[in-house]
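Asks: Provided herewith: run30.tsv, TSV, C-alpha atoms.
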```
chain	number	residue	atom	x	y	z
A	208	MET	CA	4.11	77.44	35.67
A	209	LEU	CA	5.79	74.17	34.79
A	210	ILE	CA	6.60	74.07	31.09
A	211	PHE	CA	7.57	70.79	29.48
A	212	ASN	CA	9.16	71.45	26.10
A	213	CYS	CA	8.80	68.23	24.17
A	214	THR	CA	11.04	66.85	21.47
A	215	LYS	CA	9.38	65.02	18.59
A	216	ALA	CA	9.98	61.72	20.38
A	217	ALA	CA	8.36	63.09	23.55
A	218	CYS	CA	5.41	64.43	21.55
A	219	ASP	CA	4.86	60.95	20.15
A	220	PHE	CA	5.07	59.47	23.65
A	221	PHE	CA	2.45	61.80	25.13
A	222	SER	CA	-0.04	61.29	22.30
A	223	LYS	CA	-2.61	58.51	22.44
A	224	THR	CA	-5.41	57.35	20.19
A	225	THR	CA	-8.86	56.52	21.54
A	226	ALA	CA	-11.68	55.33	19.29
A	227	GLY	CA	-9.74	56.48	16.27
A	228	THR	CA	-9.17	59.99	17.65
A	229	GLN	CA	-5.73	61.19	18.69
A	230	PHE	CA	-5.34	63.09	21.95
A	231	SER	CA	-2.28	64.93	23.24
A	232	PRO	CA	-1.55	67.55	25.90
A	233	VAL	CA	1.21	68.94	23.67
A	234	ILE	CA	0.36	72.17	21.87
A	235	ALA	CA	2.17	74.66	19.67
A	236	PRO	CA	4.49	76.95	21.68
A	237	PRO	CA	3.79	80.67	22.08
A	238	ASN	CA	7.34	81.42	20.92
A	239	PRO	CA	9.92	79.61	18.80
A	240	ARG	CA	12.62	80.00	21.48
A	241	ILE	CA	12.25	78.97	25.12
A	242	GLU	CA	13.83	82.12	26.52
A	243	GLN	CA	11.18	84.27	24.81
A	244	ASP	CA	8.35	82.90	26.97
A	245	ILE	CA	9.16	85.24	29.84
A	246	HIS	CA	7.84	88.15	27.78
A	247	ASN	CA	4.35	86.93	26.91
A	248	VAL	CA	3.35	83.75	28.79
A	249	VAL	CA	0.54	84.46	31.27
A	250	ASP	CA	-1.55	82.32	33.62
A	251	GLU	CA	-5.34	82.01	33.73
A	252	GLN	CA	-5.56	85.26	35.70
A	253	GLY	CA	-3.52	87.13	33.12
A	254	ASN	CA	-0.49	87.41	35.40
A	255	THR	CA	3.11	86.63	34.46
A	256	PRO	CA	3.93	83.43	36.36
A	257	ARG	CA	7.27	82.07	37.50
A	258	LEU	CA	8.39	79.74	34.73
A	259	SER	CA	10.19	76.45	35.26
A	260	GLN	CA	11.36	75.33	31.83
A	261	TRP	CA	12.27	71.70	31.13
A	262	LEU	CA	13.13	69.83	27.95
A	263	VAL	CA	11.66	66.33	27.79
A	264	HIS	CA	12.91	63.57	25.49
A	265	ALA	CA	11.56	60.03	25.10
A	266	ILE	CA	13.51	56.87	24.39
A	267	ILE	CA	12.88	53.13	24.40
A	268	VAL	CA	15.26	50.98	26.44
A	269	ASP	CA	14.70	47.24	26.80
A	270	ARG	CA	11.35	47.72	25.05
A	271	LYS	CA	10.21	50.12	27.78
A	272	TYR	CA	9.40	53.81	27.43
A	273	CYS	CA	11.71	56.14	29.33
A	274	LEU	CA	11.71	59.92	29.64
A	275	ILE	CA	14.58	62.28	30.38
A	276	ALA	CA	13.66	65.73	31.70
A	277	MET	CA	16.35	68.41	31.87
A	278	GLU	CA	16.03	71.86	33.43
A	279	VAL	CA	16.97	74.36	30.76
A	280	ASN	CA	19.08	76.77	32.83
A	281	THR	CA	21.04	74.42	35.09
A	282	ARG	CA	21.06	71.23	32.95
A	283	PHE	CA	19.82	69.32	36.01
A	284	SER	CA	18.21	66.11	34.76
A	285	MET	CA	15.89	63.38	35.97
A	286	THR	CA	15.23	60.08	34.23
A	287	PHE	CA	11.99	58.09	34.43
A	288	SER	CA	11.71	54.50	33.25
A	289	ASP	CA	9.01	51.96	32.41
A	290	LEU	CA	6.29	54.52	31.69
A	291	ILE	CA	2.96	54.04	29.93
A	292	ARG	CA	2.67	55.84	26.63
A	293	GLY	CA	0.14	58.66	26.62
A	294	ASP	CA	-0.08	58.91	30.42
A	295	SER	CA	0.98	62.51	30.96
A	296	GLU	CA	-0.75	62.75	34.35
A	297	THR	CA	1.37	59.99	35.87
A	298	PHE	CA	4.51	61.58	34.44
A	299	VAL	CA	3.70	64.96	36.02
A	300	ASN	CA	3.09	63.33	39.40
A	301	LEU	CA	6.32	61.32	39.19
A	302	PHE	CA	8.22	64.39	38.03
A	303	THR	CA	6.99	66.57	40.89
A	304	GLU	CA	7.60	63.94	43.53
A	305	ARG	CA	11.10	63.17	42.26
A	306	LEU	CA	12.09	66.82	41.98
A	307	LEU	CA	10.96	67.61	45.51
A	308	ASN	CA	12.77	64.59	46.91
A	309	ASN	CA	15.94	65.30	44.94
A	310	MET	CA	16.06	68.90	46.15
A	311	TYR	CA	15.34	67.95	49.74
A	312	TRP	CA	17.95	65.20	49.71
A	313	LEU	CA	20.60	67.52	48.27
A	314	GLY	CA	19.82	70.13	50.91
A	315	GLU	CA	19.86	67.51	53.64
A	316	GLN	CA	23.33	66.35	52.57
A	317	LEU	CA	24.61	69.90	52.95
A	318	GLY	CA	22.89	70.36	56.30
A	319	ILE	CA	20.66	73.22	55.11
A	320	PHE	CA	17.33	71.31	55.10
A	321	ASP	CA	15.70	69.30	57.86
A	322	PRO	CA	12.42	67.29	57.90
A	323	ALA	CA	10.43	70.28	59.15
A	324	PHE	CA	11.45	72.25	56.06
A	325	PHE	CA	10.07	69.77	53.51
A	326	PRO	CA	6.41	70.90	53.75
A	327	ILE	CA	7.48	74.54	53.56
A	328	MET	CA	9.42	74.19	50.32
A	329	THR	CA	6.78	71.83	48.90
A	330	ASP	CA	3.98	74.32	49.50
A	331	SER	CA	6.10	77.07	47.96
A	332	PHE	CA	6.83	75.04	44.83
A	333	LEU	CA	3.26	73.79	44.33
A	334	SER	CA	1.77	77.26	44.80
A	335	GLU	CA	4.17	78.70	42.22
A	336	HIS	CA	3.48	75.98	39.66
A	337	ASP	CA	-0.20	75.10	39.75
A	338	GLY	CA	-0.23	75.62	35.97
A	339	ILE	CA	1.32	73.11	33.55
A	340	ALA	CA	1.95	73.35	29.81
A	341	PHE	CA	3.34	70.94	27.22
A	342	PHE	CA	4.87	72.65	24.18
A	343	LYS	CA	6.16	71.10	20.97
A	344	ARG	CA	9.59	72.68	21.03
A	345	SER	CA	13.22	71.69	21.48
A	346	ASP	CA	16.59	73.28	22.15
A	347	ARG	CA	19.73	72.05	20.43
A	348	SER	CA	22.10	72.87	23.29
A	349	VAL	CA	19.98	71.22	25.98
A	350	GLN	CA	19.34	68.24	23.70
A	351	GLY	CA	23.09	67.72	23.43
A	352	HIS	CA	23.33	67.36	27.21
A	353	ILE	CA	20.31	65.04	27.25
A	354	ASN	CA	22.07	62.83	24.71
A	355	ASP	CA	24.99	62.60	27.12
A	356	VAL	CA	22.68	61.54	29.98
A	357	LEU	CA	21.07	59.04	27.62
A	358	ARG	CA	24.45	57.48	26.92
A	359	TYR	CA	25.12	56.99	30.64
A	360	PHE	CA	21.60	55.63	31.12
A	361	ARG	CA	22.01	53.02	28.39
A	362	GLU	CA	25.46	52.03	29.65
A	363	GLN	CA	24.16	51.55	33.18
A	364	SER	CA	21.15	49.52	32.09
A	365	GLU	CA	23.41	47.27	30.00
A	366	GLU	CA	25.94	46.87	32.80
A	367	ILE	CA	23.38	46.15	35.52
A	368	GLY	CA	20.96	44.30	33.28
A	369	LEU	CA	17.87	46.23	34.32
A	370	LEU	CA	16.39	49.71	34.52
A	371	PRO	CA	15.99	51.67	37.77
A	372	ASN	CA	12.88	50.08	39.24
A	373	ASP	CA	12.15	52.27	42.26
A	374	HIS	CA	12.57	55.84	43.50
A	375	GLU	CA	15.82	55.15	45.33
A	376	GLN	CA	17.55	53.64	42.29
A	377	ALA	CA	16.28	56.41	40.02
A	378	MET	CA	17.45	59.11	42.43
A	379	ALA	CA	20.86	57.45	42.67
A	380	PHE	CA	21.21	57.66	38.88
A	381	ASP	CA	20.04	61.29	38.94
A	382	GLU	CA	22.70	62.06	41.52
A	383	MET	CA	25.44	60.48	39.42
A	384	VAL	CA	24.73	62.35	36.19
A	385	ASN	CA	24.12	65.67	37.95
A	386	GLN	CA	27.61	65.54	39.45
A	387	ILE	CA	29.17	65.66	35.98
A	388	GLN	CA	30.60	69.04	34.99
A	389	ARG	CA	28.88	70.72	32.07
A	390	SER	CA	29.14	73.88	30.02
A	391	SER	CA	26.79	76.05	28.00
A	392	LYS	CA	26.86	79.19	25.89
A	393	ALA	CA	25.18	81.08	28.74
A	394	SER	CA	28.01	80.26	31.16
A	395	THR	CA	31.66	81.24	30.82
A	396	GLN	CA	32.73	78.49	33.22
A	397	TYR	CA	32.07	74.80	33.72
A	398	PHE	CA	29.37	74.06	36.28
A	399	PHE	CA	27.77	71.19	38.17
A	400	PRO	CA	24.02	70.77	37.51
A	401	GLU	CA	23.26	69.82	41.12
A	402	VAL	CA	24.94	72.99	42.41
A	403	GLY	CA	23.14	75.25	39.97
A	404	MET	CA	19.76	73.60	40.53
A	405	LEU	CA	19.89	73.72	44.33
A	406	GLY	CA	21.05	77.34	44.19
A	407	GLN	CA	18.20	78.23	41.85
A	408	TRP	CA	15.79	76.29	44.08
A	409	MET	CA	16.92	78.22	47.16
A	410	GLN	CA	16.39	81.54	45.40
A	411	GLU	CA	12.97	80.74	43.97
A	412	TYR	CA	11.31	78.73	46.74
A	413	CYS	CA	13.32	79.30	49.93
A	414	ASP	CA	13.99	83.06	49.92
A	415	GLY	CA	17.68	82.43	49.36
A	416	ASN	CA	20.19	85.21	48.75
A	417	ALA	CA	23.70	85.59	47.34
A	418	GLU	CA	25.27	84.51	50.62
A	419	ASP	CA	23.21	81.31	50.60
A	420	LEU	CA	24.44	80.55	47.07
A	421	ASN	CA	28.06	80.94	48.16
A	422	ILE	CA	27.42	78.60	51.09
A	423	ILE	CA	25.91	76.02	48.74
A	424	ARG	CA	28.90	76.17	46.38
A	425	ASP	CA	31.38	75.88	49.24
A	426	SER	CA	29.43	73.03	50.84
A	427	PHE	CA	29.28	71.07	47.59
A	428	ARG	CA	33.00	71.63	47.07
A	429	GLN	CA	33.72	70.28	50.55
A	430	LEU	CA	31.35	67.35	50.03
A	431	ARG	CA	33.03	66.36	46.76
A	432	SER	CA	36.49	66.54	48.31
A	433	GLU	CA	35.35	64.26	51.13
A	434	GLN	CA	33.90	61.80	48.63
A	435	VAL	CA	37.10	61.77	46.58
A	436	PHE	CA	39.17	61.20	49.72
A	437	ALA	CA	36.91	58.35	50.83
A	438	ASP	CA	37.02	56.72	47.38
A	439	ASN	CA	40.84	56.87	47.21
A	440	ALA	CA	41.62	56.10	50.84
A	441	PRO	CA	43.36	52.84	51.88
A	442	SER	CA	41.08	50.16	53.24
A	443	CYS	CA	42.22	50.87	56.81
A	444	ILE	CA	40.83	54.41	56.62
A	445	ASP	CA	37.30	54.89	57.91
A	446	ASP	CA	35.07	55.58	54.90
A	447	SER	CA	32.15	56.93	56.88
A	448	GLN	CA	32.31	60.12	54.83
A	449	ALA	CA	30.97	58.27	51.80
A	450	LEU	CA	27.33	59.13	51.16
A	451	PRO	CA	24.68	56.41	51.37
A	452	PRO	CA	22.07	56.13	48.63
A	453	PRO	CA	18.83	58.01	49.33
A	454	ASP	CA	16.41	55.90	51.36
A	455	ASN	CA	14.04	58.52	52.77
A	456	VAL	CA	11.88	59.21	49.73
A	457	VAL	CA	8.75	61.18	50.55
A	458	SER	CA	5.52	60.33	48.74
A	459	LEU	CA	3.84	63.41	47.29
A	460	CYS	CA	0.44	61.71	47.51
A	461	GLU	CA	0.94	60.97	51.21
A	462	PHE	CA	2.16	64.52	51.79
A	463	ARG	CA	-0.97	65.96	50.16
A	464	LYS	CA	-3.21	63.71	52.26
A	465	LYS	CA	-1.57	64.94	55.46
A	466	GLN	CA	-1.94	68.57	54.37
A	467	GLN	CA	-5.67	68.06	53.73
A	468	LYS	CA	-6.33	66.69	57.23
```
Rewrite the coordinates I just gave you, this time as structure tokens.

Replies:
Amino acid sequence: MLIFNCTKAACDFFSKTTAGTQFSPVIAPPNPRIEQDIHNVVDEQGNTPRLSQWLVHAIIVDRKYCLIAMEVNTRFSMTFSDLIRGDSETFVNLFTERLLNNMYWLGEQLGIFDPAFFPIMTDSFLSEHDGIAFFKRSDRSVQGHINDVLRYFREQSEEIGLLPNDHEQAMAFDEMVNQIQRSSKASTQYFFPEVGMLGQWMQEYCDGNAEDLNIIRDSFRQLRSEQVFADNAPSCIDDSQALPPPDNVVSLCEFRKKQQK
């Protein structure tokens, strides 16, 4: 089950008024704290589902609504810009498509995913999270990290003069902020959101094990060292190690159409 924990600003964004009546997908949470959901949240069949917990915050930048979604455990974040207020369905579709593409692209960089694997991990994720819930609930620690992402987002929009206006630009921003080291009360060491998220993804949707997690950490470490070397190398050094921006975004709608044929 996908759970979107909404700050007050996000609750306001998802609400809409039609013919004088206010509608919103956001409801009261079953528990005051996010980590308590694992004990009593059930699906329509009464089973305990796998929970994917995200905190969602809304902001207005350049008079446009933007949402920042951050995974609670890993602090992996994704930012969505120029959204229509009250359109939760479009947000969920954009969220799912972006998450799948981000995970696939990260795995492709490390050489652990190939095109044939995309439908496998997509089916696994969608089957695990056919249920969606919006709860009016926040988390102070996660919100602090969202505020940091928000600062980078505003700085970039001011520097460039526009918001990310397509999937590739949005994914490039996601990549940048998820390479920033973070810390939390639950972790005794600093961590990189992209490393934690891909490791969690491998465990939950790709039958990953402890050895796979070690490979992911080592591969990211090697990738970062290559990037640093390329960035600091003299101009005469071949910079082919530098990573290009993502340009192979997969449309979730197109994927679903192919699966239905």

Asks: Please measure the separation of CA of Leu209 (chain A) and CA of Ile339 (chain A), giving the value in Å to one decimal.

Replies: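 That distance, rounded to one decimal, is 4.8 Å.
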
Asks: Would you kindly return, as a ChimeraX atom specification, each protein, DNA or RNA residue with an atom no farther than 7 Å from any atom of Asn212 (chain A), considering all atoms listed in the file and excluding same-chain residues fewer than 2 positions away?

Replies: /A:210,214,261-263,341-345

Asks: With all atoms listed in the file as the counted atoms, please give the residues lying no more than 9 Å from Pro322 (chain A), apart from itself and same-chain residues fewer than 4 positions off, as a PyMOL selection string.

Replies: chain A and resi 311+315+326

Asks: What's the 10 Å shell around region 231-244 of chain A, counting all atoms listed in the file, without same-chain residues fewer than 2 positions away, as a PyMOL selection string?

Replies: chain A and resi 210-213+217-224+229+246-249+255+258+260-262+279-280+293-296+339-346

Asks: Would you mind telling me which residue in A:Ala417, A:Leu357, A:Ala226, A:Ile245 lies nearest to Ser288 (chain A) when using only C-alpha atoms?

Replies: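 Of all the options, A:Leu357 lies closest to Ser288 (chain A).
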
Asks: List as a list in words the residues having at least one atom at most 9 Å from position (19.6, 69.5, 38.2) as given in the file, counting all atoms listed in the file.

Replies: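 With a cut-off of 9 Å, the residues come to Met277, Glu278, Thr281, Arg282, Phe283, Ser284, Met285, Leu306, Asn309, Met310, Asp381, Glu382, Asn385, Phe399, Pro400, Glu401, Val402, Gly403, Met404 and Leu405 of chain A.
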
Asks: Just to be explicit: take each residue in the selection above, keep C-alpha atoms, and write the result as a compact mmCIF listing (two decimals), in the coordinates of the input.

Replies:
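Produced file result_16.txt, reproduced below:
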```txt
# COMPACT_ATOMS: atom_id res chain seq x y z
CA MET A 277 16.35 68.41 31.87
CA GLU A 278 16.03 71.86 33.43
CA THR A 281 21.04 74.42 35.09
CA ARG A 282 21.06 71.23 32.95
CA PHE A 283 19.82 69.32 36.01
CA SER A 284 18.21 66.11 34.76
CA MET A 285 15.89 63.38 35.97
CA LEU A 306 12.09 66.82 41.98
CA ASN A 309 15.94 65.30 44.94
CA MET A 310 16.06 68.90 46.15
CA ASP A 381 20.04 61.29 38.94
CA GLU A 382 22.70 62.06 41.52
CA ASN A 385 24.12 65.67 37.95
CA PHE A 399 27.77 71.19 38.17
CA PRO A 400 24.02 70.77 37.51
CA GLU A 401 23.26 69.82 41.12
CA VAL A 402 24.94 72.99 42.41
CA GLY A 403 23.14 75.25 39.97
CA MET A 404 19.76 73.60 40.53
CA LEU A 405 19.89 73.72 44.33
```

Asks: What separation in Å, quoted to one decimal, exists between CA of Phe332 (chain A) and CA of Arg389 (chain A)?

Replies: 25.8 Å
